[in-house]
$ cat work-v8.csv   # CSV, C-alpha atoms
chain,number,residue,atom,x,y,z
A,26,MET,CA,27.8,75.2,-82.4
A,27,PRO,CA,30.2,78.2,-81.9
A,28,GLU,CA,33.6,77.4,-80.4
A,29,PRO,CA,34.1,79.2,-77.0
A,30,SER,CA,36.5,82.1,-77.3
A,31,SER,CA,39.7,81.6,-75.3
A,32,PRO,CA,40.5,84.4,-72.9
A,33,SER,CA,43.3,86.8,-73.7
A,34,PRO,CA,46.6,86.6,-71.6
A,35,ALA,CA,45.7,90.0,-69.9
A,36,GLY,CA,42.3,88.6,-68.9
A,37,ARG,CA,43.8,85.5,-67.4
A,38,ASP,CA,46.2,87.7,-65.4
A,39,ARG,CA,43.4,89.8,-64.1
A,40,ALA,CA,41.5,86.6,-63.1
A,41,VAL,CA,44.5,85.2,-61.3
A,42,ARG,CA,45.0,88.5,-59.4
A,43,ARG,CA,41.4,88.5,-58.4
A,44,VAL,CA,41.7,84.9,-57.1
A,45,ARG,CA,44.9,85.8,-55.2
A,46,VAL,CA,43.2,88.9,-53.6
A,47,LEU,CA,40.2,86.8,-52.7
A,48,ALA,CA,42.5,84.1,-51.1
A,49,TRP,CA,44.4,86.7,-49.0
A,50,SER,CA,41.1,88.2,-47.9
A,51,VAL,CA,39.7,84.9,-46.8
A,52,ALA,CA,43.0,84.1,-44.9
A,53,ALA,CA,43.0,87.5,-43.2
A,54,ALA,CA,39.4,87.2,-42.2
A,55,THR,CA,40.0,83.7,-40.8
A,56,ALA,CA,42.9,84.9,-38.7
A,57,ALA,CA,40.9,87.8,-37.4
A,58,LEU,CA,38.0,85.6,-36.5
A,59,SER,CA,40.2,83.1,-34.8
A,60,ALA,CA,41.8,85.8,-32.7
A,61,GLY,CA,38.5,87.2,-31.8
A,62,LEU,CA,37.0,83.8,-30.8
A,63,SER,CA,40.2,83.0,-28.8
A,64,VAL,CA,39.7,86.1,-26.7
A,65,VAL,CA,36.1,85.4,-26.2
A,66,ALA,CA,36.8,81.8,-25.2
A,67,ALA,CA,39.7,82.8,-22.9
A,68,HIS,CA,37.3,85.0,-21.0
A,69,ALA,CA,34.3,82.7,-21.1
A,70,PHE,CA,35.9,79.6,-19.7
A,71,LYS,CA,37.5,78.6,-16.4
A,72,GLY,CA,40.9,79.9,-15.5
A,73,HIS,CA,40.3,83.5,-16.5
A,74,ASP,CA,41.6,86.0,-14.1
A,75,GLY,CA,39.3,89.0,-14.3
A,76,ARG,CA,42.1,91.4,-13.4
A,77,VAL,CA,44.2,90.5,-16.3
A,78,ARG,CA,43.5,91.8,-19.9
A,79,ALA,CA,44.2,89.7,-22.8
A,80,ALA,CA,47.3,91.0,-24.6
A,81,VAL,CA,45.9,90.4,-28.1
A,82,ALA,CA,42.6,92.1,-27.6
A,83,SER,CA,42.1,95.6,-29.0
A,84,PRO,CA,40.3,98.0,-26.8
A,85,ARG,CA,37.2,97.5,-29.0
A,86,ALA,CA,37.4,93.7,-28.8
A,87,ALA,CA,38.0,94.0,-25.0
A,88,ALA,CA,34.9,96.1,-24.7
A,89,ARG,CA,32.8,93.4,-26.3
A,90,VAL,CA,34.1,90.7,-24.0
A,91,ARG,CA,31.9,89.9,-21.1
A,92,VAL,CA,33.9,89.5,-17.9
A,93,PRO,CA,32.1,87.8,-15.0
A,94,ARG,CA,31.0,90.3,-12.5
A,95,ALA,CA,32.8,90.6,-9.2
A,96,GLN,CA,32.0,88.0,-6.6
A,97,HIS,CA,29.9,88.9,-3.6
A,98,VAL,CA,32.1,89.3,-0.5
A,99,PRO,CA,30.9,86.7,1.9
A,100,ALA,CA,29.3,88.1,5.0
A,101,ILE,CA,31.9,86.4,7.1
A,102,ALA,CA,34.7,88.4,5.5
A,103,GLY,CA,34.0,91.4,7.6
A,104,ALA,CA,35.5,90.7,11.0
A,105,PRO,CA,35.1,87.1,12.0
A,106,ALA,CA,35.5,86.2,15.6
A,107,PRO,CA,39.1,85.2,16.2
A,108,LEU,CA,40.1,81.7,17.2
A,109,ARG,CA,39.4,81.4,20.9
A,110,PRO,CA,41.8,79.8,23.4
A,111,PRO,CA,40.2,77.6,26.1
A,112,ALA,CA,38.7,79.2,29.1
A,113,ALA,CA,41.2,77.2,31.2
A,114,ALA,CA,44.5,75.7,30.0
A,115,PRO,CA,44.6,71.9,29.8
A,116,THR,CA,46.2,70.1,32.7
A,117,GLU,CA,48.0,66.8,33.1
A,118,ALA,CA,45.4,64.1,33.5
A,119,PRO,CA,45.0,62.3,36.8
A,120,PRO,CA,46.7,58.9,36.9
A,121,GLN,CA,43.4,56.9,36.9
A,122,PRO,CA,40.9,59.2,35.2
A,123,GLN,CA,37.2,58.4,35.2
A,124,PRO,CA,35.7,58.1,32.7
A,125,GLN,CA,38.5,56.5,30.7
A,126,PRO,CA,40.4,58.8,28.3
A,127,GLU,CA,39.0,59.4,24.8
A,128,THR,CA,41.6,59.7,22.0
A,129,SER,CA,42.1,62.7,19.8
A,130,GLY,CA,44.2,61.8,16.8
A,131,GLY,CA,44.2,62.1,13.1
A,132,SER,CA,41.3,60.5,11.2
B,28,MET,CA,28.0,59.2,42.9
B,29,SER,CA,26.7,58.5,39.4
B,30,GLU,CA,28.6,56.2,37.1
B,31,PRO,CA,29.8,57.4,33.6
B,32,GLY,CA,28.5,55.8,30.5
B,33,THR,CA,29.9,55.5,27.0
B,34,ALA,CA,28.5,54.5,23.6
B,35,ARG,CA,30.3,54.0,20.3
B,36,TRP,CA,29.1,53.6,16.7
B,37,ARG,CA,30.1,54.7,13.1
B,38,ALA,CA,29.0,58.0,11.7
B,39,LEU,CA,30.2,60.5,9.1
B,40,GLY,CA,32.6,57.9,7.7
B,41,THR,CA,34.5,57.6,11.0
B,42,SER,CA,34.0,56.6,14.6
B,43,ALA,CA,31.6,58.3,16.9
B,44,ALA,CA,31.5,58.2,20.7
B,45,ILE,CA,29.6,59.8,23.4
B,46,VAL,CA,30.6,59.8,27.1
B,47,VAL,CA,28.3,61.1,29.8
B,48,SER,CA,29.1,61.6,33.4
B,49,ASP,CA,25.8,59.9,34.4
B,50,ARG,CA,25.0,56.7,32.5
B,51,GLY,CA,21.3,57.2,33.2
B,52,ALA,CA,21.4,60.0,30.7
B,53,LEU,CA,23.2,58.0,28.0
B,54,ALA,CA,20.2,57.0,25.8
B,55,ALA,CA,18.8,60.6,25.6
B,56,ALA,CA,22.2,62.1,25.0
B,57,ARG,CA,23.1,59.5,22.3
B,58,ALA,CA,19.8,60.1,20.5
B,59,ALA,CA,20.5,63.8,20.4
B,60,VAL,CA,24.0,63.2,19.0
B,61,GLU,CA,22.7,60.8,16.4
B,62,ALA,CA,20.1,63.2,15.2
B,63,GLU,CA,22.7,66.0,14.9
B,64,LEU,CA,25.1,63.8,13.0
B,65,ALA,CA,22.5,62.6,10.6
B,66,ALA,CA,21.6,66.2,9.8
B,67,VAL,CA,25.2,67.2,9.3
B,68,ASP,CA,25.8,64.2,7.1
B,69,LEU,CA,22.8,65.0,4.9
B,70,ALA,CA,24.0,68.6,4.6
B,71,CYS,CA,27.7,68.4,4.4
B,72,SER,CA,28.8,65.0,3.0
B,73,ARG,CA,31.0,65.1,-0.1
B,74,PHE,CA,30.3,61.4,-0.7
B,75,ARG,CA,26.5,61.4,-0.6
B,76,SER,CA,24.8,62.3,-3.9
B,77,ASP,CA,21.7,63.5,-2.0
B,78,SER,CA,23.6,65.9,0.3
B,79,ASP,CA,23.2,69.6,0.1
B,80,LEU,CA,26.9,69.9,-0.5
B,81,SER,CA,26.8,67.5,-3.5
B,82,ARG,CA,23.9,69.5,-4.9
B,83,LEU,CA,25.9,72.7,-4.5
B,84,ASN,CA,29.0,71.3,-6.1
B,85,ALA,CA,26.9,69.9,-9.0
B,86,GLY,CA,25.4,73.4,-9.5
B,87,ALA,CA,28.8,75.2,-9.7
B,88,GLY,CA,28.5,78.3,-11.8
B,89,ARG,CA,25.0,79.3,-10.7
B,90,PRO,CA,23.4,80.2,-7.4
B,91,VAL,CA,22.1,77.2,-5.4
B,92,ARG,CA,19.6,77.4,-2.6
B,93,VAL,CA,20.9,75.4,0.4
B,94,GLY,CA,19.7,74.5,3.9
B,95,ALA,CA,20.5,76.5,7.0
B,96,LEU,CA,22.9,73.8,8.3
B,97,LEU,CA,25.1,73.8,5.1
B,98,LEU,CA,25.0,77.6,5.1
B,99,ASP,CA,26.3,77.6,8.7
B,100,ALA,CA,29.0,75.1,7.8
B,101,ILE,CA,30.1,77.2,4.8
B,102,ALA,CA,30.2,80.3,7.0
B,103,VAL,CA,32.4,78.4,9.5
B,104,ALA,CA,34.7,77.2,6.6
B,105,LEU,CA,35.0,80.7,5.3
B,106,ARG,CA,35.8,82.0,8.8
B,107,ALA,CA,38.5,79.4,8.9
B,108,ALA,CA,39.9,80.7,5.6
B,109,VAL,CA,39.8,84.3,6.7
B,110,LEU,CA,41.5,83.6,10.1
B,111,THR,CA,44.2,81.5,8.4
B,112,ASP,CA,44.8,83.7,5.4
B,113,GLY,CA,43.5,81.0,3.2
B,114,ILE,CA,45.7,78.2,4.6
B,115,VAL,CA,42.5,76.3,5.6
B,116,ASP,CA,40.4,76.8,2.5
B,117,PRO,CA,37.1,75.0,1.6
B,118,THR,CA,37.7,75.3,-2.2
B,119,ILE,CA,40.3,72.5,-2.1
B,120,GLY,CA,37.7,69.9,-3.2
B,121,ARG,CA,39.1,69.5,-6.7
B,122,ALA,CA,42.7,69.3,-5.4
B,123,LEU,CA,41.7,66.5,-3.1
B,124,ILE,CA,40.0,64.6,-5.9
B,125,LEU,CA,43.0,65.1,-8.2
B,126,ALA,CA,45.3,64.0,-5.4
B,127,GLY,CA,43.3,60.7,-5.4
B,128,TYR,CA,40.8,61.2,-2.5
B,129,ASP,CA,37.8,60.9,-4.8
B,130,ARG,CA,35.5,58.6,-2.7
B,131,ASP,CA,34.8,57.7,0.9
B,132,PHE,CA,38.1,56.8,2.4
B,133,ALA,CA,36.9,53.3,3.5
B,134,THR,CA,36.6,52.3,-0.1
B,135,LEU,CA,39.8,54.1,-1.3
B,136,ALA,CA,42.2,51.2,-1.9
B,137,HIS,CA,44.4,52.5,-4.7
B,138,ALA,CA,47.6,54.4,-4.5
B,139,ARG,CA,48.4,56.8,-7.4
B,140,SER,CA,52.0,56.7,-8.6
B,141,ARG,CA,52.0,60.5,-9.3
B,142,LEU,CA,50.2,63.3,-7.6
B,143,VAL,CA,48.4,65.8,-9.8
B,144,ALA,CA,48.2,69.4,-8.6
B,145,THR,CA,45.6,72.0,-9.5
B,146,ARG,CA,45.2,75.6,-8.7
B,147,VAL,CA,43.0,76.2,-5.7
B,148,GLU,CA,40.5,78.9,-6.5
B,149,GLY,CA,40.4,80.4,-3.1
B,150,TRP,CA,37.6,81.1,-0.6
B,151,GLN,CA,37.0,84.6,-2.1
B,152,ALA,CA,35.4,82.9,-5.1
B,153,VAL,CA,32.5,81.7,-2.9
B,154,SER,CA,29.4,83.9,-3.0
B,155,VAL,CA,27.0,83.7,-0.1
B,156,ASP,CA,23.6,85.4,0.0
B,157,PRO,CA,22.3,84.6,3.5
B,158,GLY,CA,19.1,86.5,2.8
B,159,ARG,CA,18.2,84.0,0.1
B,160,ASN,CA,20.0,81.0,1.6
B,161,GLU,CA,21.9,80.9,-1.7
B,162,VAL,CA,25.5,80.0,-2.4
B,163,ARG,CA,27.4,80.2,-5.6
B,164,ILE,CA,30.7,78.7,-6.4
B,165,PRO,CA,32.5,79.2,-9.8
B,166,ARG,CA,32.4,76.5,-12.4
B,167,GLY,CA,35.1,73.9,-11.9
B,168,VAL,CA,35.3,74.6,-8.1
B,169,ARG,CA,34.3,71.9,-5.6
B,170,LEU,CA,33.8,72.7,-1.9
B,171,ASP,CA,35.2,70.3,0.7
B,172,LEU,CA,34.3,71.0,4.3
B,173,GLY,CA,36.4,68.2,5.7
B,174,ALA,CA,38.6,70.5,7.7
B,175,THR,CA,35.8,72.1,9.7
B,176,ALA,CA,32.5,70.2,9.3
B,177,LYS,CA,33.4,67.2,11.5
B,178,ALA,CA,34.6,69.5,14.3
B,179,LEU,CA,31.5,71.7,13.9
B,180,ALA,CA,29.4,68.5,14.2
B,181,ALA,CA,31.2,67.6,17.4
B,182,ASP,CA,30.5,71.0,18.9
B,183,ARG,CA,26.8,70.9,17.8
B,184,ALA,CA,26.4,67.3,19.0
B,185,ALA,CA,27.9,68.0,22.4
B,186,THR,CA,25.6,71.1,22.8
B,187,ALA,CA,22.6,69.1,21.7
B,188,ALA,CA,23.4,66.2,24.0
B,189,ALA,CA,23.9,68.5,27.0
B,190,ALA,CA,20.5,70.0,26.3
B,191,ALA,CA,18.9,66.6,26.2
B,192,ALA,CA,20.6,65.6,29.5
B,193,PRO,CA,20.5,68.7,31.7
B,194,GLY,CA,23.0,68.7,34.5
B,195,VAL,CA,25.1,65.9,33.0
B,196,GLY,CA,28.6,66.3,31.6
B,197,VAL,CA,28.9,65.2,27.9
B,198,LEU,CA,31.9,64.5,25.7
B,199,VAL,CA,31.5,63.8,22.0
B,200,ASN,CA,34.4,62.3,20.0
B,201,LEU,CA,34.0,62.2,16.2
B,202,GLY,CA,37.1,60.6,14.7
B,203,GLY,CA,39.4,62.4,17.2
B,204,ASP,CA,37.6,65.7,17.1
B,205,ILE,CA,36.5,66.1,20.7
B,206,ALA,CA,33.9,68.6,22.2
B,207,VAL,CA,32.7,68.7,25.7
B,208,ALA,CA,29.6,70.4,27.3
B,209,GLY,CA,27.9,70.5,30.6
B,210,PRO,CA,29.6,70.1,34.0
B,211,PRO,CA,32.9,68.2,33.7
B,212,PRO,CA,33.8,65.3,35.9
B,213,ALA,CA,36.1,65.8,38.8
B,214,GLY,CA,39.6,66.4,37.4
B,215,GLY,CA,38.2,67.2,34.0
B,216,TRP,CA,37.7,65.1,30.9
B,217,ALA,CA,40.7,62.9,30.2
B,218,VAL,CA,41.8,63.1,26.6
B,219,ARG,CA,44.7,61.2,25.0
B,220,VAL,CA,46.4,62.8,22.0
B,221,ALA,CA,48.1,60.5,19.5
B,222,ASP,CA,48.9,60.3,15.8
B,223,ASP,CA,45.8,58.2,15.1
B,224,HIS,CA,42.4,58.5,16.9
B,225,GLN,CA,42.2,54.7,16.8
B,226,ALA,CA,45.6,54.3,18.4
B,227,PRO,CA,45.8,51.8,21.3
B,228,PRO,CA,46.3,53.2,24.8
B,229,ASP,CA,50.0,52.3,24.8
B,230,ALA,CA,50.8,54.1,21.5
B,231,PRO,CA,53.0,57.2,21.7
B,232,GLY,CA,51.0,60.1,23.0
B,233,GLN,CA,50.0,62.1,26.0
B,234,THR,CA,47.0,62.2,28.3
B,235,LEU,CA,45.7,65.6,29.4
B,236,ALA,CA,42.5,66.9,31.0
B,237,ILE,CA,40.2,69.6,29.8
B,238,SER,CA,37.1,71.1,31.5
B,239,ALA,CA,35.4,72.9,28.5
B,240,GLY,CA,35.8,73.5,24.8
B,241,GLY,CA,37.4,71.0,22.5
B,242,VAL,CA,40.5,69.2,21.3
B,243,ALA,CA,41.4,68.4,17.8
B,244,THR,CA,44.3,66.7,16.2
B,245,SER,CA,45.5,66.8,12.6
B,246,SER,CA,47.9,64.3,11.3
B,247,THR,CA,49.5,63.3,8.0
B,248,THR,CA,50.1,59.8,9.3
B,249,VAL,CA,46.5,58.8,8.8
B,250,ARG,CA,44.1,58.9,5.8
B,251,ARG,CA,47.0,58.2,3.4
B,252,TRP,CA,46.7,56.5,0.0
B,253,GLY,CA,50.3,56.8,-1.2
B,254,PRO,CA,53.8,57.8,-0.2
B,255,ASP,CA,53.1,61.5,-0.4
B,256,ALA,CA,49.3,61.4,-0.6
B,257,HIS,CA,47.3,62.5,2.4
B,258,HIS,CA,44.2,64.5,3.1
B,259,ILE,CA,45.7,67.8,4.3
B,260,ILE,CA,46.0,70.0,1.2
B,261,ASP,CA,48.2,73.1,1.0
B,262,PRO,CA,46.1,75.5,-1.0
B,263,ARG,CA,49.3,77.3,-2.1
B,264,THR,CA,50.5,74.3,-4.0
B,265,GLY,CA,47.3,72.3,-4.6
B,266,LEU,CA,49.1,69.3,-3.2
B,267,PRO,CA,49.2,67.4,0.1
B,268,ALA,CA,51.1,69.6,2.6
B,269,ASP,CA,54.8,68.9,2.9
B,270,SER,CA,55.1,69.6,6.6
B,271,PRO,CA,57.9,69.2,9.2
B,272,TRP,CA,55.1,68.2,11.6
B,273,ARG,CA,53.4,64.8,11.3
B,274,THR,CA,50.8,65.5,14.0
B,275,VAL,CA,49.5,68.7,15.7
B,276,SER,CA,47.0,68.7,18.6
B,277,VAL,CA,45.3,71.9,19.8
B,278,VAL,CA,42.9,72.8,22.7
B,279,ALA,CA,40.5,75.7,22.1
B,280,ALA,CA,37.2,77.1,23.4
B,281,ALA,CA,35.5,75.1,20.7
B,282,CYS,CA,36.4,72.0,18.8
B,283,VAL,CA,36.1,73.7,15.5
B,284,ASP,CA,38.6,76.4,16.5
B,285,ALA,CA,40.9,73.7,17.7
B,286,ASN,CA,40.6,71.9,14.3
B,287,ILE,CA,41.1,75.1,12.3
B,288,ALA,CA,44.3,75.7,14.2
B,289,SER,CA,45.6,72.1,14.1
B,290,THR,CA,45.0,71.9,10.3
B,291,ALA,CA,46.6,75.3,9.7
B,292,ALA,CA,49.6,74.3,11.8
B,293,ILE,CA,50.3,71.3,9.6
B,294,VAL,CA,50.2,73.4,6.5
B,295,LEU,CA,52.1,76.4,8.0
B,296,GLY,CA,55.0,74.1,8.9
B,297,ASP,CA,57.9,76.0,10.4
B,298,ASP,CA,55.7,79.0,10.9
B,299,ALA,CA,53.2,77.1,13.0
B,300,PRO,CA,54.7,77.5,16.5
B,301,GLY,CA,54.8,81.3,16.3
B,302,TRP,CA,51.3,81.4,14.7
B,303,LEU,CA,49.8,79.2,17.5
B,304,GLU,CA,51.5,81.1,20.3
B,305,ALA,CA,50.4,84.5,18.9
B,306,ARG,CA,46.8,83.2,19.3
B,307,GLY,CA,47.3,81.7,22.8
B,308,LEU,CA,46.3,78.3,21.7
B,309,PRO,CA,47.7,75.4,23.7
B,310,ALA,CA,49.2,73.0,21.2
B,311,ARG,CA,51.4,69.9,20.9
B,312,LEU,CA,53.4,69.5,17.7
B,313,VAL,CA,55.1,66.2,16.8
B,314,ASP,CA,57.8,66.1,14.1
B,315,HIS,CA,58.6,63.1,11.9
B,316,GLU,CA,61.1,61.7,14.4
B,317,GLY,CA,58.6,61.8,17.2
B,318,ALA,CA,60.1,64.8,19.0
B,319,THR,CA,57.4,67.0,20.6
B,320,LEU,CA,57.0,70.7,21.1
B,321,ALA,CA,54.5,72.0,23.7
B,322,LEU,CA,53.2,75.5,23.3
B,323,ALA,CA,51.0,78.2,25.0
B,324,GLY,CA,50.2,76.3,28.2
B,325,TRP,CA,50.1,72.8,26.9
B,326,PRO,CA,51.0,70.6,30.0
B,327,ARG,CA,54.5,69.1,30.1
B,328,GLU,CA,54.8,65.4,29.3
B,329,ARG,CA,55.4,62.9,32.0
B,330,GLU,CA,56.0,60.1,29.5
B,331,ALA,CA,58.0,59.6,26.3
B,332,ALA,CA,56.1,60.3,23.1

$ encode --input "work-v8.csv" --output "structure tokens"
Amino acid sequence: MPEPSSPSPAGRDRAVRRVRVLAWSVAAATAALSAGLSVVAAHAFKGHDGRVRAAVASPRAAARVRVPRAQHVPAIAGAPAPLRPPAAAPTEAPPQPQPQPETSGGS
Amino acid sequence: MSEPGTARWRALGTSAAIVVSDRGALAAARAAVEAELAAVDLACSRFRSDSDLSRLNAGAGRPVRVGALLLDAIAVALRAAVLTDGIVDPTIGRALILAGYDRDFATLAHARSRLVATRVEGWQAVSVDPGRNEVRIPRGVRLDLGATAKALAADRAATAAAAAAPGVGVLVNLGGDIAVAGPPPAGGWAVRVADDHQAPPDAPGQTLAISAGGVATSSTTVRRWGPDAHHIIDPRTGLPADSPWRTVSVVAAACVDANIASTAAIVLGDDAPGWLEARGLPARLVDHEGATLALAGWPREREAA
């Protein structure tokens, strides 16, 4: 059985460089993916303010992010009736009121 | 001359009472009130898993079809938020829970050592589609209608009772939220205002008379479960309001208006007197030492508070 030929030093250097480039590529891709997912998560979950843009998002990334649409404005928001004072101001109660007083207090 | 009649029972997690100017009409009036309160409880209770409100809170994040009564109650709560610039806000439900008010108060025995604050989303986050009877609240938001629903129930119940007993004066008292309807008795309906709606007659307070509308009192002296823990949340902080006033009573054309104003006054603190006077709402404010301030036509006191 023939003995396997050992690689030359130059070949080993090339292989090491390839591994190094591959490692950096994986690290860069991981970082980019993490950043992208962070932006998506920040917009997808509670606490997001739709008026604020994520500082780390590129315009392209921001364009991909789905911001919840604006809320409906409740019908009441137009011009609700103001708080109405009583038709007649309250007065001092008579000394022996009938029926007996009811109590208004915190509950 | 007809004799007045009174009935008392428990409803909506608090005391309920009806007073009629003619006791012959008491049964019919009470039946109308009980039916109204049962409907409000089923629609608006935060503590019933089968209520419309619980269904809405559980469905946060998507549109939920609700009944007409809850839709009305939400419209009233949103009106309160608009008129108070968000000081009385229905989206405080989560803040109340985090503050420790996470179950019916009758079963709330514990006192938390530390309050937890949360950001209150704000009433603008509530979407209402009246055409479809649909409401949508964002995920994580819980509505609480405590500041308005009980007073709304008092108004509705008084109106229903007066309709069931034509020509008879009716007063409904729901845990201190008082609404009247129909012809008042001679001299008006006597109402005592105090820190607590269960206060005895000799407790500090004042007795006044009203002929229409409603009276409401908000107080930080009741419904407490810790040194700083009470049920009136300041939406600006997400915590129980830190107010110079311990109790505020207001008279208005409707009980719900009175309750919106009294709750807002507690939260507004030093700004409350000017806010109430600008709206012409007769009010009585009590500070933590018991000193009182009467505003906008509130009658002068004959007795010490």

$ interface_residues --input "work-v8.csv" --of "chain B" --to "chain A" --cutoff "7 Å" --atoms "all atoms listed in the file" --output "ChimeraX atom specification"
/B:31,102,105-106,109-110,151-152,154-155,166-167,202-205,214,217-224,234-237,240,242-246,249-250,278-280,284,307-308,324-326

$ residues_near_point --input "work-v8.csv" --point "(29.8, 68.9, 15.4)" --cutoff "10 Å" --atoms "all atoms listed in the file" --output "VMD selection string"
chain B and resid 60 63 to 64 67 100 175 to 187 199 to 201 204 to 206 281 to 283

$ atom_distance --input "work-v8.csv" --atom1 "atom CA of B:His258" --atom2 "atom CA of B:Gly40"
14.1 Å

$ atom_distance --input "work-v8.csv" --atom1 "atom CA of B:Ala44" --atom2 "atom CA of B:Ala56"
11.0 Å

$ closest_residue --input "work-v8.csv" --among "B:Leu69, B:Ala268, B:Ala107, B:Ala305" --to "B:Gly94" --atoms "all atoms listed in the file"
B:Leu69

$ residues_near_point --input "work-v8.csv" --point "(22.5, 74.9, -0.5)" --cutoff "9 Å" --atoms "all atoms listed in the file" --output "compact mmCIF listing (two decimals) with C-alpha atoms, keeping the file's coordinate frame"
# COMPACT_ATOMS: atom_id res chain seq x y z
CA ALA B 70 24.00 68.60 4.60
CA ASP B 79 23.20 69.60 0.10
CA LEU B 80 26.90 69.90 -0.50
CA ARG B 82 23.90 69.50 -4.90
CA LEU B 83 25.90 72.70 -4.50
CA PRO B 90 23.40 80.20 -7.40
CA VAL B 91 22.10 77.20 -5.40
CA ARG B 92 19.60 77.40 -2.60
CA VAL B 93 20.90 75.40 0.40
CA GLY B 94 19.70 74.50 3.90
CA ALA B 95 20.50 76.50 7.00
CA LEU B 96 22.90 73.80 8.30
CA LEU B 97 25.10 73.80 5.10
CA LEU B 98 25.00 77.60 5.10
CA ASN B 160 20.00 81.00 1.60
CA GLU B 161 21.90 80.90 -1.70
CA VAL B 162 25.50 80.00 -2.40
CA ARG B 163 27.40 80.20 -5.60

$ closest_residue --input "work-v8.csv" --among "B:Leu198, B:Ala189, B:Gly158, B:Trp302" --to "B:Ala34" --atoms "only C-alpha atoms"
B:Leu198

$ atom_distance --input "work-v8.csv" --atom1 "atom CA of B:Glu30" --atom2 "atom CA of B:Glu61"
22.0 Å

$ residues_around --input "work-v8.csv" --residues "B:Val195" --least-positions-apart "3" --cutoff "6 Å" --atoms "only C-alpha atoms" --output "list in words"
Ser48, Ala192 and Gly209 of chain B

$ closest_residue --input "work-v8.csv" --among "B:Asp261, B:Asp156, B:Glu148, B:Asp49" --to "B:Ala291" --atoms "all atoms listed in the file"
B:Asp261

$ build_atoms --input "work-v8.csv" --residues "stretch 311-322 of chain B" --atoms "N, CA and C atoms" --output "mmCIF file, in the frame of the given file"
data_model
loop_
_atom_site.group_PDB
_atom_site.id
_atom_site.type_symbol
_atom_site.label_atom_id
_atom_site.label_comp_id
_atom_site.auth_asym_id
_atom_site.auth_seq_id
_atom_site.Cartn_x
_atom_site.Cartn_y
_atom_site.Cartn_z
ATOM 1 N N ARG B 311 50.344 70.909 20.872
ATOM 2 C CA ARG B 311 51.400 69.900 20.900
ATOM 3 C C ARG B 311 51.753 69.528 19.487
ATOM 4 N N LEU B 312 52.990 69.762 19.090
ATOM 5 C CA LEU B 312 53.400 69.500 17.700
ATOM 6 C C LEU B 312 54.407 68.303 17.760
ATOM 7 N N VAL B 313 54.237 67.362 16.869
ATOM 8 C CA VAL B 313 55.100 66.200 16.800
ATOM 9 C C VAL B 313 55.774 66.168 15.428
ATOM 10 N N ASP B 314 57.112 66.105 15.417
ATOM 11 C CA ASP B 314 57.800 66.100 14.100
ATOM 12 C C ASP B 314 57.907 64.612 13.621
ATOM 13 N N HIS B 315 58.557 64.436 12.491
ATOM 14 C CA HIS B 315 58.600 63.100 11.900
ATOM 15 C C HIS B 315 59.445 62.103 12.623
ATOM 16 N N GLU B 316 60.289 62.612 13.533
ATOM 17 C CA GLU B 316 61.100 61.700 14.400
ATOM 18 C C GLU B 316 60.421 61.409 15.684
ATOM 19 N N GLY B 317 59.285 62.042 15.943
ATOM 20 C CA GLY B 317 58.600 61.800 17.200
ATOM 21 C C GLY B 317 58.885 62.820 18.272
ATOM 22 N N ALA B 318 59.763 63.783 17.989
ATOM 23 C CA ALA B 318 60.100 64.800 19.000
ATOM 24 C C ALA B 318 58.842 65.739 19.113
ATOM 25 N N THR B 319 58.568 66.161 20.347
ATOM 26 C CA THR B 319 57.400 67.000 20.600
ATOM 27 C C THR B 319 57.731 68.382 21.003
ATOM 28 N N LEU B 320 56.830 69.289 20.709
ATOM 29 C CA LEU B 320 57.000 70.700 21.100
ATOM 30 C C LEU B 320 55.653 71.118 21.705
ATOM 31 N N ALA B 321 55.692 71.539 22.976
ATOM 32 C CA ALA B 321 54.500 72.000 23.700
ATOM 33 C C ALA B 321 54.458 73.495 23.738
ATOM 34 N N LEU B 322 53.284 74.080 23.429
ATOM 35 C CA LEU B 322 53.200 75.500 23.300
ATOM 36 C C LEU B 322 52.020 76.087 24.124
#
